[in-house]
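Shown here: input10.cif, mmCIF, C-alpha atoms and all ligand atoms.
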data_work
loop_
_atom_site.label_atom_id
_atom_site.label_comp_id
_atom_site.auth_asym_id
_atom_site.auth_seq_id
_atom_site.Cartn_x
_atom_site.Cartn_y
_atom_site.Cartn_z
CA MET A 1 -3.42 4.15 -12.88
CA ARG A 2 -0.15 3.91 -10.92
CA TYR A 3 3.22 4.81 -12.31
CA ILE A 4 6.67 5.74 -11.10
CA VAL A 5 7.80 9.23 -12.03
CA LYS A 6 11.47 9.86 -12.63
CA ASP A 7 13.01 13.28 -12.17
CA ARG A 8 15.03 15.11 -14.83
CA TYR A 9 18.12 13.17 -13.74
CA GLY A 10 16.47 9.81 -14.24
CA ARG A 11 16.08 9.17 -10.51
CA PRO A 12 12.86 7.40 -9.57
CA VAL A 13 11.01 8.60 -6.48
CA ASN A 14 9.74 5.76 -4.35
CA SER A 15 9.64 7.09 -0.80
CA ILE A 16 8.38 10.09 1.13
CA ARG A 17 9.73 11.50 4.39
CA ILE A 18 7.11 13.41 6.34
CA SER A 19 7.93 15.85 9.09
CA VAL A 20 4.82 15.60 11.24
CA THR A 21 5.74 18.47 13.54
CA GLU A 22 8.50 20.98 14.06
CA ARG A 23 8.09 20.67 17.83
CA CYS A 24 10.74 18.75 19.74
CA ASN A 25 11.45 18.04 23.40
CA LEU A 26 15.23 18.08 22.81
CA ARG A 27 17.53 20.90 21.73
CA CYS A 28 20.33 19.11 19.85
CA PHE A 29 22.81 21.87 19.11
CA TYR A 30 23.65 20.57 15.64
CA CYS A 31 20.12 19.77 14.47
CA HIS A 32 19.29 20.50 10.83
CA ARG A 33 15.55 20.10 11.59
CA GLU A 34 15.20 18.23 8.29
CA GLY A 35 16.20 21.40 6.49
CA GLU A 36 13.04 23.22 7.62
CA ASN A 37 12.89 26.77 8.82
CA TYR A 38 10.51 27.28 11.75
CA SER A 39 7.19 28.15 10.16
CA HIS A 40 4.90 28.19 13.22
CA ASN A 41 2.14 27.29 10.78
CA SER A 42 -0.52 24.81 11.72
CA GLU A 43 0.38 21.15 11.46
CA MET A 44 -1.27 18.79 9.01
CA THR A 45 -4.03 16.63 10.41
CA PRO A 46 -3.85 12.82 10.11
CA LYS A 47 -6.55 12.99 7.40
CA GLU A 48 -4.63 15.61 5.42
CA MET A 49 -1.50 13.47 5.55
CA GLU A 50 -3.52 10.47 4.44
CA ARG A 51 -4.88 12.42 1.47
CA ILE A 52 -1.36 13.46 0.44
CA LEU A 53 -0.19 9.86 0.79
CA LYS A 54 -3.06 8.74 -1.44
CA ILE A 55 -1.68 11.03 -4.13
CA ALA A 56 1.83 9.71 -3.50
CA ARG A 57 0.52 6.19 -3.87
CA MET A 58 -0.85 7.09 -7.33
CA LEU A 59 2.79 7.67 -8.26
CA ASP A 60 3.66 4.27 -6.81
CA ILE A 61 5.35 5.80 -3.76
CA ARG A 62 4.85 3.05 -1.21
CA LYS A 63 7.36 3.86 1.52
CA VAL A 64 6.99 6.51 4.20
CA LYS A 65 9.25 7.66 7.00
CA PHE A 66 7.94 9.91 9.77
CA THR A 67 10.25 12.43 11.30
CA GLY A 68 10.14 15.93 12.77
CA GLY A 69 10.75 17.70 15.11
CA GLU A 70 10.00 14.78 17.32
CA PRO A 71 7.15 12.70 15.83
CA LEU A 72 6.11 11.44 19.26
CA MET A 73 5.31 15.01 20.34
CA ARG A 74 2.07 14.50 18.40
CA ASP A 75 -0.57 12.87 20.54
CA ASP A 76 -2.29 11.60 17.37
CA ILE A 77 0.86 9.87 16.08
CA VAL A 78 -0.70 6.41 16.35
CA GLU A 79 -3.60 7.51 14.14
CA ILE A 80 -1.16 9.07 11.66
CA VAL A 81 0.74 5.78 11.40
CA ARG A 82 -2.45 3.74 11.15
CA ARG A 83 -3.79 5.81 8.26
CA ALA A 84 -0.44 5.76 6.48
CA SER A 85 0.15 2.05 6.86
CA ARG A 86 -3.02 1.26 4.88
CA LEU A 87 -1.45 2.96 1.86
CA MET A 88 2.30 2.56 2.24
CA ASP A 89 2.62 -1.20 2.02
CA LYS A 90 6.36 -1.42 1.34
CA ASP A 91 7.71 0.45 4.35
CA VAL A 92 6.42 2.50 7.25
CA SER A 93 9.21 3.73 9.49
CA MET A 94 9.99 6.50 11.93
CA THR A 95 12.99 8.42 13.17
CA THR A 96 12.63 9.34 16.81
CA ASN A 97 14.81 10.62 19.61
CA GLY A 98 13.55 7.68 21.65
CA THR A 99 12.79 9.68 24.78
CA MET A 100 9.10 8.66 24.70
CA LEU A 101 9.21 5.56 22.52
CA LYS A 102 8.97 2.96 25.28
CA LYS A 103 5.42 4.11 26.02
CA TYR A 104 4.35 4.16 22.36
CA ALA A 105 6.26 1.23 20.85
CA SER A 106 3.62 -1.48 20.94
CA LEU A 107 0.81 0.93 19.96
CA LEU A 108 2.85 2.01 16.95
CA LYS A 109 3.63 -1.59 16.06
CA ASN A 110 -0.08 -2.44 16.13
CA ALA A 111 -0.82 0.61 13.99
CA GLY A 112 1.52 -0.70 11.29
CA LEU A 113 4.92 0.79 12.01
CA MET A 114 7.47 -1.61 10.54
CA ARG A 115 10.80 -0.31 11.75
CA VAL A 116 12.39 2.51 13.65
CA ASN A 117 15.55 4.64 13.81
CA ILE A 118 16.47 5.97 17.23
CA SER A 119 18.88 8.85 17.64
CA LEU A 120 21.68 8.19 20.08
CA ASP A 121 24.89 10.19 19.81
CA THR A 122 26.49 9.15 23.09
CA LEU A 123 26.27 6.70 25.95
CA ASP A 124 27.67 9.23 28.39
CA ARG A 125 25.08 11.04 30.52
CA GLU A 126 26.95 14.32 30.73
CA LYS A 127 27.68 14.40 26.99
CA TYR A 128 24.05 13.53 26.26
CA ARG A 129 22.96 16.54 28.26
CA LYS A 130 25.48 18.76 26.47
CA ILE A 131 24.36 17.59 23.03
CA THR A 132 20.59 17.55 23.59
CA GLY A 133 20.16 20.01 26.45
CA LEU A 134 18.29 17.47 28.58
CA ASN A 135 18.86 14.39 30.74
CA TYR A 136 16.88 11.69 28.92
CA LEU A 137 19.66 9.19 28.17
CA GLN A 138 18.23 6.41 30.33
CA ASP A 139 14.77 6.81 28.74
CA VAL A 140 16.33 6.43 25.30
CA ILE A 141 18.25 3.31 26.35
CA ASP A 142 15.08 1.79 27.82
CA SER A 143 13.24 2.56 24.58
CA ILE A 144 15.93 0.84 22.53
CA TYR A 145 15.63 -2.37 24.56
CA GLU A 146 11.84 -2.20 24.14
CA ALA A 147 12.02 -1.42 20.40
CA VAL A 148 14.28 -4.38 19.53
CA LYS A 149 11.64 -6.71 20.95
CA LEU A 150 9.08 -5.39 18.45
CA PHE A 151 10.83 -4.10 15.33
CA TYR A 152 13.48 -5.21 12.89
CA PRO A 153 15.67 -3.51 12.07
CA VAL A 154 16.11 -0.97 14.82
CA LYS A 155 18.82 1.44 13.77
CA LEU A 156 20.73 3.78 16.04
CA ASN A 157 21.42 7.13 14.40
CA PHE A 158 24.80 8.25 15.68
CA VAL A 159 25.86 11.61 14.25
CA LEU A 160 29.63 11.84 14.31
CA LEU A 161 30.72 15.01 16.15
CA LYS A 162 34.39 15.89 16.24
CA GLY A 163 35.76 16.27 19.77
CA ILE A 164 32.46 15.15 21.28
CA ASN A 165 31.67 11.55 20.45
CA ASP A 166 34.38 10.43 18.03
CA ASP A 167 35.97 8.44 20.88
CA GLU A 168 32.81 6.40 21.44
CA ILE A 169 32.62 4.28 18.30
CA GLU A 170 33.82 1.05 19.86
CA LYS A 171 31.58 1.55 22.91
CA MET A 172 28.64 2.10 20.53
CA ILE A 173 29.49 -1.04 18.54
CA LYS A 174 29.42 -3.08 21.76
CA PHE A 175 26.11 -1.47 22.71
CA SER A 176 24.70 -2.37 19.33
CA ALA A 177 25.84 -5.99 19.81
CA ASP A 178 24.22 -6.02 23.21
CA THR A 179 20.89 -4.61 22.04
CA GLY A 180 20.76 -6.13 18.54
CA ALA A 181 20.26 -2.67 17.00
CA ILE A 182 22.23 -1.67 13.90
CA LEU A 183 24.60 1.24 14.36
CA GLN A 184 24.47 3.97 11.72
CA VAL A 185 27.39 6.38 11.88
CA ILE A 186 26.11 9.53 10.17
CA GLU A 187 28.20 12.35 8.80
CA LEU A 188 27.30 15.77 10.20
CA GLU A 189 25.35 17.79 7.64
CA VAL A 190 25.38 21.55 7.75
CA PRO A 191 22.12 22.86 9.23
CA VAL A 192 20.49 25.39 6.93
CA GLU A 193 20.64 28.35 9.29
CA LYS A 194 24.10 27.50 10.55
CA GLU A 195 25.58 27.41 7.12
CA ASN A 196 28.89 28.81 8.19
CA LEU A 197 32.31 27.37 7.91
CA SER A 198 33.33 27.68 11.55
CA PHE A 199 30.49 25.46 12.79
CA PHE A 200 31.32 22.90 10.15
CA GLN A 201 35.04 23.02 10.80
CA LYS A 202 34.55 22.75 14.54
CA TYR A 203 32.36 19.65 14.62
CA HIS A 204 32.60 17.93 11.25
CA LEU A 205 34.73 14.84 10.99
CA SER A 206 34.69 12.80 7.83
CA PRO A 207 33.46 9.27 8.59
CA LYS A 208 36.16 8.14 6.16
CA PHE A 209 38.51 7.90 9.16
CA ILE A 210 36.04 5.71 11.01
CA GLU A 211 35.50 3.65 7.87
CA GLU A 212 39.24 3.06 7.50
CA HIS A 213 39.46 2.03 11.14
CA LEU A 214 36.46 -0.31 10.85
CA GLU A 215 37.94 -1.89 7.74
CA LYS A 216 40.87 -3.00 9.87
CA ILE A 217 38.95 -4.31 12.85
CA ALA A 218 35.68 -5.68 11.37
CA GLU A 219 35.18 -9.41 11.17
CA GLU A 220 33.43 -9.09 7.83
CA ILE A 221 32.61 -6.30 5.35
CA ARG A 222 29.57 -6.40 3.11
CA TYR A 223 28.39 -4.01 0.42
CA ASN A 224 24.76 -2.91 0.42
CA GLU A 225 23.90 -2.54 -3.27
CA LEU A 226 20.65 -0.73 -2.61
CA HIS A 227 22.13 2.11 -0.59
CA HIS A 228 25.65 1.86 -1.96
CA ARG A 229 26.93 1.55 1.58
CA LYS A 230 29.41 -0.70 3.30
CA LYS A 231 28.28 -2.76 6.23
CA PHE A 232 30.78 -3.81 8.89
CA ILE A 233 30.06 -6.91 10.92
CA PHE A 234 31.44 -7.59 14.40
CA ASN A 235 31.10 -10.43 16.85
CA PHE A 236 31.31 -10.09 20.61
CA SER A 237 31.16 -13.50 22.28
CA GLY A 238 28.44 -14.70 19.95
CA LYS A 239 26.58 -11.35 19.81
CA ARG A 240 26.59 -9.76 16.40
CA ALA A 241 26.91 -6.04 15.70
CA GLU A 242 26.36 -4.32 12.35
CA VAL A 243 27.67 -0.87 11.52
CA GLU A 244 26.76 1.27 8.51
CA ILE A 245 28.26 4.59 7.48
CA VAL A 246 26.10 7.34 5.98
CA ARG A 247 28.02 10.02 4.10
CA PRO A 248 25.76 12.67 2.60
CA MET A 249 28.14 15.65 2.46
CA HIS A 250 29.88 16.48 -0.82
CA ASN A 251 28.86 13.03 -1.99
CA SER A 252 27.51 12.86 -5.52
CA GLU A 253 26.84 9.15 -5.11
CA PHE A 254 24.56 9.92 -2.14
CA CYS A 255 22.56 12.36 -4.28
CA MET A 256 22.45 10.17 -7.39
CA ASN A 257 20.92 7.40 -5.31
CA CYS A 258 18.35 9.64 -3.66
CA THR A 259 14.84 8.31 -4.31
CA ARG A 260 13.08 10.39 -1.69
CA ILE A 261 10.78 13.36 -1.59
CA ARG A 262 10.03 15.25 1.63
CA LEU A 263 6.93 16.86 3.07
CA THR A 264 7.44 19.63 5.62
CA SER A 265 5.31 19.86 8.74
CA ASP A 266 3.39 22.76 7.19
CA GLY A 267 2.54 20.79 4.07
CA LYS A 268 5.14 21.75 1.50
CA LEU A 269 6.73 19.19 -0.80
CA LYS A 270 10.47 19.55 -0.44
CA PRO A 271 12.62 18.16 -3.24
CA CYS A 272 15.93 18.29 -1.34
CA LEU A 273 17.03 18.32 2.31
CA PHE A 274 19.63 20.96 1.59
CA ARG A 275 17.36 23.49 -0.17
CA ASN A 276 14.40 25.66 0.76
CA ASP A 277 14.02 27.67 -2.43
CA ASN A 278 12.12 25.09 -4.47
CA LEU A 279 9.27 23.97 -2.22
CA VAL A 280 5.80 23.20 -3.57
CA ASP A 281 2.88 24.01 -1.27
CA ILE A 282 0.39 21.15 -1.45
CA LEU A 283 -1.49 21.75 1.81
CA THR A 284 -2.98 25.15 0.91
CA PRO A 285 -4.56 23.88 -2.35
CA LEU A 286 -5.73 20.74 -0.52
CA ARG A 287 -7.43 22.91 2.12
CA GLU A 288 -8.95 25.06 -0.60
CA GLY A 289 -10.60 22.03 -2.18
CA ALA A 290 -8.21 20.95 -4.96
CA ASN A 291 -9.13 17.66 -6.61
CA ASP A 292 -6.83 14.64 -6.98
CA ASP A 293 -5.64 15.63 -10.46
CA GLU A 294 -4.60 19.06 -9.24
CA LEU A 295 -2.76 17.61 -6.25
CA LEU A 296 -1.14 15.01 -8.50
CA SER A 297 0.27 17.69 -10.76
CA LEU A 298 1.72 19.52 -7.73
CA PHE A 299 3.42 16.30 -6.74
CA LYS A 300 4.84 15.87 -10.24
CA GLU A 301 6.00 19.48 -10.22
CA ALA A 302 7.94 18.85 -6.97
CA ILE A 303 9.52 15.73 -8.46
CA MET A 304 10.56 17.68 -11.55
CA ARG A 305 12.22 20.27 -9.29
CA ARG A 306 14.49 17.61 -7.80
CA GLU A 307 18.14 17.92 -8.66
CA PRO A 308 21.23 16.43 -7.07
CA TYR A 309 22.67 18.91 -4.55
CA TRP A 310 26.13 17.37 -4.77
CA LYS A 311 26.78 16.82 -8.45
N1 LIG A 401 13.50 14.02 16.56
C1 LIG A 401 13.76 12.88 15.78
C2 LIG A 401 15.11 12.29 16.07
O1 LIG A 401 15.83 12.84 16.91
O2 LIG A 401 15.45 11.26 15.48
C3 LIG A 401 13.58 13.09 14.28
C4 LIG A 401 14.12 14.34 13.69
S1 LIG A 401 15.88 14.41 13.61
C5 LIG A 401 16.10 15.91 12.71
C6 LIG A 401 16.24 13.14 12.43
C7 LIG A 401 17.66 12.66 12.39
O3 LIG A 401 18.47 13.67 11.81
C8 LIG A 401 18.28 12.34 13.75
O4 LIG A 401 18.84 11.07 13.74
C9 LIG A 401 19.35 13.38 13.90
O5 LIG A 401 20.44 12.91 14.63
C10 LIG A 401 19.72 13.66 12.46
N2 LIG A 401 20.33 14.98 12.30
C11 LIG A 401 19.90 16.15 12.79
N3 LIG A 401 20.73 17.16 12.45
C12 LIG A 401 21.71 16.60 11.73
C13 LIG A 401 22.87 17.11 11.10
N4 LIG A 401 23.18 18.41 11.16
N5 LIG A 401 23.66 16.25 10.43
C14 LIG A 401 23.34 14.94 10.36
N6 LIG A 401 22.27 14.39 10.94
C15 LIG A 401 21.46 15.21 11.62
#
Spit out the file's structure as structure tokens when you get a sec.
Ligand code: SAM
Amino acid sequence: MRYIVKDRYGRPVNSIRISVTERCNLRCFYCHREGENYSHNSEMTPKEMERILKIARMLDIRKVKFTGGEPLMRDDIVEIVRRASRLMDKDVSMTTNGTMLKKYASLLKNAGLMRVNISLDTLDREKYRKITGLNYLQDVIDSIYEAVKLFYPVKLNFVLLKGINDDEIEKMIKFSADTGAILQVIELEVPVEKENLSFFQKYHLSPKFIEEHLEKIAEEIRYNELHHRKKFIFNFSGKRAEVEIVRPMHNSEFCMNCTRIRLTSDGKLKPCLFRNDNLVDILTPLREGANDDELLSLFKEAIMRREPYWK
């Protein structure tokens, strides 16, 4: 029997975000690493992830997003996606830094990947190197042009960084019109281990300012009911650009609309991006031979531990 479980705040859970590895080929200075502390534990195998997704599916969770670390660091990523896509029929997506996507894009598409988010915080080579530590900007741009041929939507994750890329919004909107990818301007979240005010004060800029600016210059503004987000539409000589703003910090609306559970790369169900004190280990029992009912109750336990971080 399949049923949707709601948490204690009445929020249904309908999607799962799996960190498939904590390894990454970039060193983005602001990275929250999906709220994970480095565990150096062994990664889940494709079969183990499939088993956990089978349990998720019993709870009518039918959407999965793969993240990391960098998901394409796994050389079995195509198998992971193939196994997942048999179960997660509503959405199979991935967030990637795009440095290796060009090579994998059509394999992933054939394995069942439906859409992709590609991280791109700047179009300036020198800034890209400063933010990520490496010189892969051109590889990412090539991947974006390849991805838009295969997937819809392709979203560009642009984390707004005060004094670093806040002058690039209009350039990014033009790039999004040129490629056909949707631009997501994302508010900087405080990484777990950098939870100090000076880091936040130095780089955080509320996207409210960008939103106010876009309200003045956009051709059209739409409201996305599902995500409670505004969408700004632009037109550059017949080429359309869409911009969305994601504001997770101090935003009770963001938390009230959260329908997601996370799975860390070492197999722990994680009820909230911002917390590490309420994880539920599902991989150890699975490896020790737990049956479906036992794994199901661990899943339900993790859902019951969910609570809005920003209330
Ligand atoms: N390596 C992949 C990538 O770069 O997309 C997936 C993992 S990365 C942690 C997932 C997304 O989180 C990226 O778009 C990244 O920009 C975003 N991100 C990382 N740290 C963040 C932070 N402190 N605030 C907001 N977004 C962040």
What's the 6 Å shell around region 172-185 of chain A, counting only C-alpha atoms, without same-chain residues fewer than 3 positions away, as a list in words?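 Here the qualifying residues turn out to be Val154, Lys155, Leu156, Asn157, Phe158, Val159, Ile169, Lys239, Arg240, Ala241, Glu242, Val243, Glu244 and Ile245 of chain A.
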Place a sphere of radius 10 Å on (31.6, 5.7, 28.9) in the file coordinates and name every protein, DNA or RNA residue with an atom inside or on its surface, counting only C-alpha atoms; give the answer as a PDB file with C-alpha atoms, in the coordinates of the input.
ATOM      1  CA  THR A 122      26.490   9.150  23.090  1.00  0.00           C
ATOM      2  CA  LEU A 123      26.270   6.700  25.950  1.00  0.00           C
ATOM      3  CA  ASP A 124      27.670   9.230  28.390  1.00  0.00           C
ATOM      4  CA  ARG A 125      25.080  11.040  30.520  1.00  0.00           C
ATOM      5  CA  GLU A 126      26.950  14.320  30.730  1.00  0.00           C
ATOM      6  CA  LYS A 127      27.680  14.400  26.990  1.00  0.00           C
ATOM      7  CA  ASP A 167      35.970   8.440  20.880  1.00  0.00           C
ATOM      8  CA  GLU A 168      32.810   6.400  21.440  1.00  0.00           C
ATOM      9  CA  LYS A 171      31.580   1.550  22.910  1.00  0.00           C
ATOM     10  CA  MET A 172      28.640   2.100  20.530  1.00  0.00           C
TER      11      MET A 172
END
If the limit is 6 Å from any atom of ligand LIG 401 (chain A), counting all atoms listed in the file, which residues qualify? Return them as a ChimeraX atom specification. /A:30-34,67-70,95-97,118-119,157,159,187-191
For region 201-208 of chain A: contacts at 6 Å, only C-alpha atoms, fewer than 4 positions along chain excluded, given as an NGL selection string: :A and (161-162 or 188 or 197)
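Across the model, the gap from CA of Asn41 (chain A) to CA of Ala302 (chain A) is 20.5 Å.
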Counting all atoms listed in the file, I want the residues whose atoms come within 8 Å of (-4.6, 10.6, 7.8) in the file frame, returned as an NGL selection string. :A and (45-51 or 79-80 or 82-84)
With a cut-off of 7 Å, could you pull out the residues of region 38-114 of chain A touching region 265-289 of chain A and give me the nearest pair of atoms for each, distance in Å to one decimal, using all atoms listed in the file, ordered by chain and ascending number, as a Markdown table?
| residue | atom | partner | partner_atom | distance |
| --- | --- | --- | --- | --- |
| A:Asn41 | CA | A:Asp266 | CA | 5.9 |
| A:Ser42 | CA | A:Asp266 | CA | 6.3 |
| A:Glu43 | CA | A:Asp266 | CA | 5.5 |
| A:Met44 | CA | A:Asp266 | CA | 6.4 |
Only C-alpha atoms, please: the residues just picked out, written as an mmCIF file, in the coordinates of the input.
data_model
loop_
_atom_site.group_PDB
_atom_site.id
_atom_site.type_symbol
_atom_site.label_atom_id
_atom_site.label_comp_id
_atom_site.auth_asym_id
_atom_site.auth_seq_id
_atom_site.Cartn_x
_atom_site.Cartn_y
_atom_site.Cartn_z
ATOM 1 C CA ASN A 41 2.140 27.290 10.780
ATOM 2 C CA SER A 42 -0.520 24.810 11.720
ATOM 3 C CA GLU A 43 0.380 21.150 11.460
ATOM 4 C CA MET A 44 -1.270 18.790 9.010
#
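Considering the residues A:Lys130, A:Lys102, A:Arg17, A:His40 and counting all atoms listed in the file, Ile52 (chain A) has its shortest atom-to-atom contact with A:Arg17.
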I'd like to know which of A:Leu150, A:Asn257, A:Arg86, A:Met100 is closest to Arg115 (chain A), using all atoms listed in the file.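 Under the stated criterion, the closest residue is A:Leu150.
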Coordinates-based distance that separates CA of Ile217 (chain A) from CA of Glu253 (chain A) (Å, one decimal):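 Here the two named atoms are 25.5 Å from each other.
Our summary of the geometry notes that CA of Phe232 (chain A) is positioned 7.0 Å from CA of Leu214 (chain A).
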